[in-house]
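Contents: one structure, followed by commentary.
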Protein chains: 2
Amino acid sequence: MHTTAPSGNSWLIDDEVTDAHRALRGHVRDLRDLGSSMALLGWDQQTKLPPKGAAGRGRAMGLLSTVLHERRTSPELDALIAAVEDVDPDGPDARVSRRDFELSTKLPAEHVRASSEASSEGYAAWQTARENDDFEAFAPVLERLVTLAREAADHLGYEAEPYDALHDLYEQGSRAADVEPMFESLREPINRLLDQQPEPDTSVLERSWHAEGQELFGREVVARMGFDFDAGRLDVTTHPFCSGIGQFDTRLTTRYDEHWLPCSLFGTIHEAGHGIYDQSFDRLGLPATVAAAPGLGMHESQSRGYENVIGRSRPFWEFWYPRLQEVFPDATKGVDLDAFVRQVNTAKRSFIRVEADELSYNLHLAVRFELERALVNGDLAVRDLPEAWGDAFDRWFGLRPSSNREGVLQDVHWSSGLFGYFPTYTLGNVYAAQFTEAARRDIPNWDDLLRAGEFAPIVAWFDEHVYRHGSAFTGRQFVERITGGPVDVGPLVRYLEGRFG
Amino acid sequence: MHTTAPSGNSWLIDDEVTDAHRALRGHVRDLRDLGSSMALLGWDQQTKLPPKGAAGRGRAMGLLSTVLHERRTSPELDALIAAVEDVDPDGPDARVSRRDFELSTKLPAEHVRASSEASSEGYAAWQTARENDDFEAFAPVLERLVTLAREAADHLGYEAEPYDALHDLYEQGSRAADVEPMFESLREPINRLLDQQPEPDTSVLERSWHAEGQELFGREVVARMGFDFDAGRLDVTTHPFCSGIGQFDTRLTTRYDEHWLPCSLFGTIHEAGHGIYDQSFDRLGLPATVAAAPGLGMHESQSRGYENVIGRSRPFWEFWYPRLQEVFPDATKGVDLDAFVRQVNTAKRSFIRVEADELSYNLHLAVRFELERALVNGDLAVRDLPEAWGDAFDRWFGLRPSSNREGVLQDVHWSSGLFGYFPTYTLGNVYAAQFTEAARRDIPNWDDLLRAGEFAPIVAWFDEHVYRHGSAFTGRQFVERITGGPVDVGPLVRYLEGRFG
């Protein structure tokens, strides 16, 4: 595995840059270091905070976000970016920093504070509403969040429709008009494949899998894939996530269900995919200005790539299944490799996104994309949302949920003010399939590597084509550089047909 | 247990104060909330941070300390304090805030940042140096830390000697000239008692005590004493500590040694003593201006009081020993209460402070006080420190350590830039003995309460006499209010003679 970035960089190494670059990079490094306090407050809130500490933590995060917002919109930063623009107008240092600066300055401090408060309130209200299956109680809070989202779109600006302004925050350069046909192209092939699936048998995965063994096995897998535990951690939370806390500090979380192996197993691999990507920027020594993924679609391409494309493949399990049998001799008794691989690759229409298989998963996102687009564009009122959810779900799945808990109340995103985020999951699947087709052409022994538990050449390929560029390119540009063509659902459809056909 | 502060406050309740008080209290609340980010960065550094994240964390803490320093020295805060001084010049709101403000303004921002960075670096260097018993490797870093400490003393100002300026940070109003005779008065009685001790038999404590049981038992003990786990945590670290992270968030750490029961048992009780004190300010609803202990001596009076005065007493174990036998039937086999109490109350001269018994403990502090006073006053060079350590240890103990690991490299404090801190441990012992004599006069059934596992009346006594006043009085003033006399080693000597005579 590389320990420094290969040659042919998209950004200039330290010896090649001007003092203006160095000053900007140092300043952004400071901003990121200060931001790491905020990331830690958030991580700790979800993993360690005692219950009575919640109010104080909320205030602390609000105060720190004000400090960060001041610094991200300071005239000093503006001048440092301008100085680089003078000498290197097309380089990624100034370009990425300018975009971040403009996004921060376009949102007034008052709006940022109101959104932060509404998100905290929304998250709490959503938790109660979901528990009680009570959409009415959640509706006023959601209305406020939608109003704030529409205001944010006006502040940020857009060409075609308000939704684009928000979606662009998570996936630079992507618009609703790009996303819509992508989902449309997936509708028929996915529904066709779903119709072909046998009734899932996941009885083995529901056996007794002790948490200690799951943790041991999960750590072994992701460490061997390339997640560096000297620069990261794995902890337990209700809702798993990966958080890049600071330089050389990337943290995964997972949840152990002793009667559902996939929950932690594939959850840990998924978060480790994010983590390996996040750790690469420090490992490869990227300057602070570009040491990040350009958007969530790219990030999901890694997490979903490791989880599904690699982690559910037969060659992968040829190496790992014997080890799983060692750790869990009872749970794996009488189950051969083929049976196990079959059970981790079942698919079926169902109501809950986070429990969905990789085939039907994209349809869940299509439902959410349609509805949040309509909400943000003013074409759908919050009070009509439950019915609209049922209609949309029926259109995409041919099913209708019997409760809001199984429907519109299931996801955390909108309650936290995240609109325009959902399509990035499917973009991640699309990118992952396109990248994998390209990588397999360059690495003809891909399957043999997985059979040998060898990940270094695969990570090295991503180092070369993706990781070392940080945020110097957008997701769309990465696809163009790697495949020579545009974003295309073809490889994803071919991949799904190969796995589920 | 009280849930609000009793009447007769040293500070005014919210209904009684002016708008100026409210504005100052709100501002200080914000400062504390923002400071909680710093506390969390420190806690996480010692409990969770992956090793490669150390440098980034050091920078993050340095940056945040700059932000905090700006706010602690702002003209806005100055004006808010002045407004309270106008209407209530003698009240604790203005008095405590003015002292904090002045201490902060005396240290230039550049010095604060340099100290923070040197402490991070020092901590890392010390860990390696101690592991390798390599003082030479640590010396340059320690020299830098001593230089910064001497600069701090110059910035802060002092009357008699530089050391006083630093010691005052930890124990307001205490000077080296007060501390020296205190240690001198302890030298003879402690050495006399040590000479009388039989060779310790701690064989029971060295049996096999599984960590799970230790954690279970430790949590039960401190919860019953009054530590609120809904507003706190207990985690594992190499070096145990208690950290007040934020409002209703107080965290203890401990270390489990499966062949040395006292390590975690009394360590957890000790840290819980700090924790119960720290939690009391939020529980009793103190305003942010005074919601803290006035100094470390007062804090240690609680931790050492719970650990030793209460936690090693026979009545305490009359309640708890049967429960310990339940949790550890094997380790306690054939050991009666008297034998157990005898084993947790042995004393003997030894080299390592953190492993020392409560009798010889004070001599360890005397050694450190002498040496750090000489370092800070410029009377001792860092390169001469190992030899000076041996000489001082010989003077106080009649022993000489054979390695720096057993000597000057054993403690974390200096590596983190903490000079002037050590005497507060002995001040804590002195205060604890004075307070206990007073409390036992007010609570004649003290021993019966402990025999019944009842702590609420004891905590209530401290609520009334100590906790509810926060930092409205100094340690010295607390002693005067409670005993009617000055700080006095007499009660500590009597207590030690009672236990070890």
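Just remember, in the structure tokens the first chain shown is A, the second B, etc., residues are 1-based per chain, and ligands are 1-based in the order shown.
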
Interface list for chain B, partner chain A, 9 Å threshold, only C-alpha atoms, as number ranges by chain: B: 30, 32-38, 40-41, 44, 48-57, 59-61, 63-64, 67, 229-233, 246-250

Alpha helix (DSSP H) per DSSP on the backbone: members of range 247-280 of chain A, as a ChimeraX atom specification: /A:261-280

Hey, what's within 10 Å of range 445-459 of chain B if we count only C-alpha atoms and toss same-chain stuff fewer than 5 positions away? As a tab-separated table (two decimals) with N, CA and C atoms, in the first residue's frame, please?
```
chain	number	residue	atom	x	y	z
B	1	MET	N	-31.42	13.17	49.88
B	1	MET	CA	-30.43	14.10	49.35
B	1	MET	C	-31.13	15.35	48.80
B	2	HIS	N	-30.56	16.52	49.03
B	2	HIS	CA	-31.17	17.75	48.50
B	2	HIS	C	-31.19	17.72	46.99
B	221	VAL	N	-20.74	0.47	44.56
B	221	VAL	CA	-20.29	1.26	45.70
B	221	VAL	C	-20.46	2.75	45.42
B	224	ARG	N	-24.05	4.04	45.19
B	224	ARG	CA	-24.69	4.15	46.50
B	224	ARG	C	-24.13	5.32	47.30
B	225	MET	N	-22.85	5.62	47.09
B	225	MET	CA	-22.27	6.79	47.75
B	225	MET	C	-22.91	8.09	47.26
B	226	GLY	N	-23.38	8.09	46.02
B	226	GLY	CA	-24.05	9.28	45.52
B	226	GLY	C	-23.63	9.71	44.13
B	276	ILE	N	-18.66	13.18	42.87
B	276	ILE	CA	-19.83	13.57	43.68
B	276	ILE	C	-19.78	15.07	43.96
B	277	TYR	N	-18.59	15.56	44.25
B	277	TYR	CA	-18.40	17.00	44.46
B	277	TYR	C	-18.78	17.75	43.18
B	280	SER	N	-22.42	17.87	42.32
B	280	SER	CA	-23.29	18.59	43.26
B	280	SER	C	-23.66	19.98	42.73
B	310	ILE	N	-13.47	7.29	54.72
B	310	ILE	CA	-14.67	6.45	54.68
B	310	ILE	C	-14.34	5.06	54.12
B	311	GLY	N	-13.73	5.03	52.94
B	311	GLY	CA	-13.63	3.79	52.16
B	311	GLY	C	-12.73	2.72	52.75
B	313	SER	N	-12.52	2.43	56.17
B	313	SER	CA	-12.91	2.30	57.58
B	313	SER	C	-13.63	0.98	57.82
B	314	ARG	N	-13.54	0.49	59.05
B	314	ARG	CA	-14.18	-0.78	59.39
B	314	ARG	C	-15.71	-0.71	59.23
B	315	PRO	N	-16.40	0.34	59.73
B	315	PRO	CA	-17.86	0.40	59.55
B	315	PRO	C	-18.29	0.32	58.09
B	316	PHE	N	-17.55	0.97	57.21
B	316	PHE	CA	-17.85	0.92	55.77
B	316	PHE	C	-17.84	-0.53	55.29
B	317	TRP	N	-16.82	-1.28	55.70
B	317	TRP	CA	-16.69	-2.66	55.21
B	317	TRP	C	-17.65	-3.62	55.91
B	318	GLU	N	-18.17	-3.22	57.08
B	318	GLU	CA	-19.20	-4.07	57.70
B	318	GLU	C	-20.40	-4.20	56.75
B	319	PHE	N	-20.70	-3.10	56.04
B	319	PHE	CA	-21.78	-3.18	55.05
B	319	PHE	C	-21.32	-3.85	53.76
B	320	TRP	N	-20.15	-3.48	53.27
B	320	TRP	CA	-19.77	-3.85	51.90
B	320	TRP	C	-19.07	-5.21	51.79
B	436	THR	N	-13.87	16.03	58.60
B	436	THR	CA	-14.45	14.82	59.18
B	436	THR	C	-14.64	14.98	60.69
B	439	ALA	N	-17.73	17.05	60.96
B	439	ALA	CA	-18.94	16.34	60.52
B	439	ALA	C	-19.34	15.28	61.54
B	440	ARG	N	-18.37	14.60	62.11
B	440	ARG	CA	-18.69	13.55	63.09
B	440	ARG	C	-19.28	14.14	64.37
B	464	GLU	N	-24.56	21.08	52.65
B	464	GLU	CA	-24.82	22.24	53.50
B	464	GLU	C	-23.55	23.07	53.75
B	465	HIS	N	-22.46	22.39	54.05
B	465	HIS	CA	-21.27	23.11	54.50
B	465	HIS	C	-20.27	23.40	53.39
B	466	VAL	N	-20.31	22.63	52.33
B	466	VAL	CA	-19.29	22.78	51.29
B	466	VAL	C	-19.91	22.97	49.90
B	467	TYR	N	-20.60	21.93	49.41
B	467	TYR	CA	-20.96	21.88	47.99
B	467	TYR	C	-21.78	23.08	47.54
```

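Between Ile190 in chain B and the candidates B:Val222, B:Leu363, B:Ala292, B:Ala388, the tightest atom-to-atom separation, counting only C-alpha atoms, involves B:Leu363.
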
Separation of CA of Arg405 in chain B from CA of Asp134 in chain B in Å: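 Separation of CA of Asp134 in chain B and CA of Arg405 in chain B: 8.0 Å.
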
DSSP-assigned strand (DSSP E) members of range 94-283 of chain A, reported as a list in words: Gly232, Arg233, Leu234, Asp235, Val236, Cys242, Ser243, Gly244, Ile245, Gly246, Asp249, Thr250, Arg251, Leu252, Thr253 and Thr254 of chain A

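Residues in contact with Arg494 in chain A at 10 Å, where only C-alpha atoms are counted and same-chain residues fewer than 6 positions away are skipped, are listed as Pro189, Ala433, Glu437, Phe500 and Gly501 of chain A.
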
Go ahead and dump the residues you just picked, N, CA and C atoms, as a PDB file, in the first residue's frame.
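Saved the output as out.pdb:
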```pdb
ATOM      1  N   PRO A 189     -35.544  -2.871 -14.640  1.00  0.00           N
ATOM      2  CA  PRO A 189     -34.657  -4.021 -14.382  1.00  0.00           C
ATOM      3  C   PRO A 189     -34.725  -4.513 -12.930  1.00  0.00           C
ATOM      4  N   ALA A 433     -20.442   0.630  -9.220  1.00  0.00           N
ATOM      5  CA  ALA A 433     -20.480  -0.342 -10.322  1.00  0.00           C
ATOM      6  C   ALA A 433     -19.592   0.119 -11.474  1.00  0.00           C
ATOM      7  N   GLU A 437     -16.184  -1.983 -12.647  1.00  0.00           N
ATOM      8  CA  GLU A 437     -15.938  -2.465 -14.014  1.00  0.00           C
ATOM      9  C   GLU A 437     -14.561  -2.022 -14.505  1.00  0.00           C
ATOM     10  N   PHE A 500     -28.101 -11.241  -9.181  1.00  0.00           N
ATOM     11  CA  PHE A 500     -29.471 -11.673  -8.856  1.00  0.00           C
ATOM     12  C   PHE A 500     -30.206 -12.294 -10.049  1.00  0.00           C
ATOM     13  N   GLY A 501     -29.571 -12.349 -11.222  1.00  0.00           N
ATOM     14  CA  GLY A 501     -30.255 -12.821 -12.418  1.00  0.00           C
ATOM     15  C   GLY A 501     -30.346 -14.354 -12.460  1.00  0.00           C
TER      16      GLY A 501
END
```

Distance in Å - CA of Phe422 in chain A versus CA of His69 in chain A: 25.3 Å

Distance query Val28 in chain A at most 12 Å, only C-alpha atoms, self and fewer than 2 positions along chain excluded, as number ranges by chain: A: 21-26, 30-35, 68, 71-74, 76-78, 80-81, 93-94, 96-98, 100-101, 287-292

Close residues, Pro401 in chain A itself excluded, 7 Å, only C-alpha atoms, min 4 positions apart in chain, as a ChimeraX atom specification: /A:351,390,406-407

Selection above as a file: C-alpha atoms, as a compact mmCIF listing (two decimals), in the first residue's frame:
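The result, written out as out24.txt:
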```
# COMPACT_ATOMS: atom_id res chain seq x y z
CA PHE A 351 -40.96 -1.54 3.70
CA GLY A 390 -48.24 5.38 0.13
CA GLU A 406 -43.31 1.56 8.23
CA GLY A 407 -43.59 4.50 5.88
```

Nearby residues (only C-alpha atoms) at most 6 Å from Glu171 in chain A, same-chain spacing under 3 positions excluded, as a list of chain:residue names: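 The contact residues come out as A:Asp168, A:Ser174, A:Gly295.
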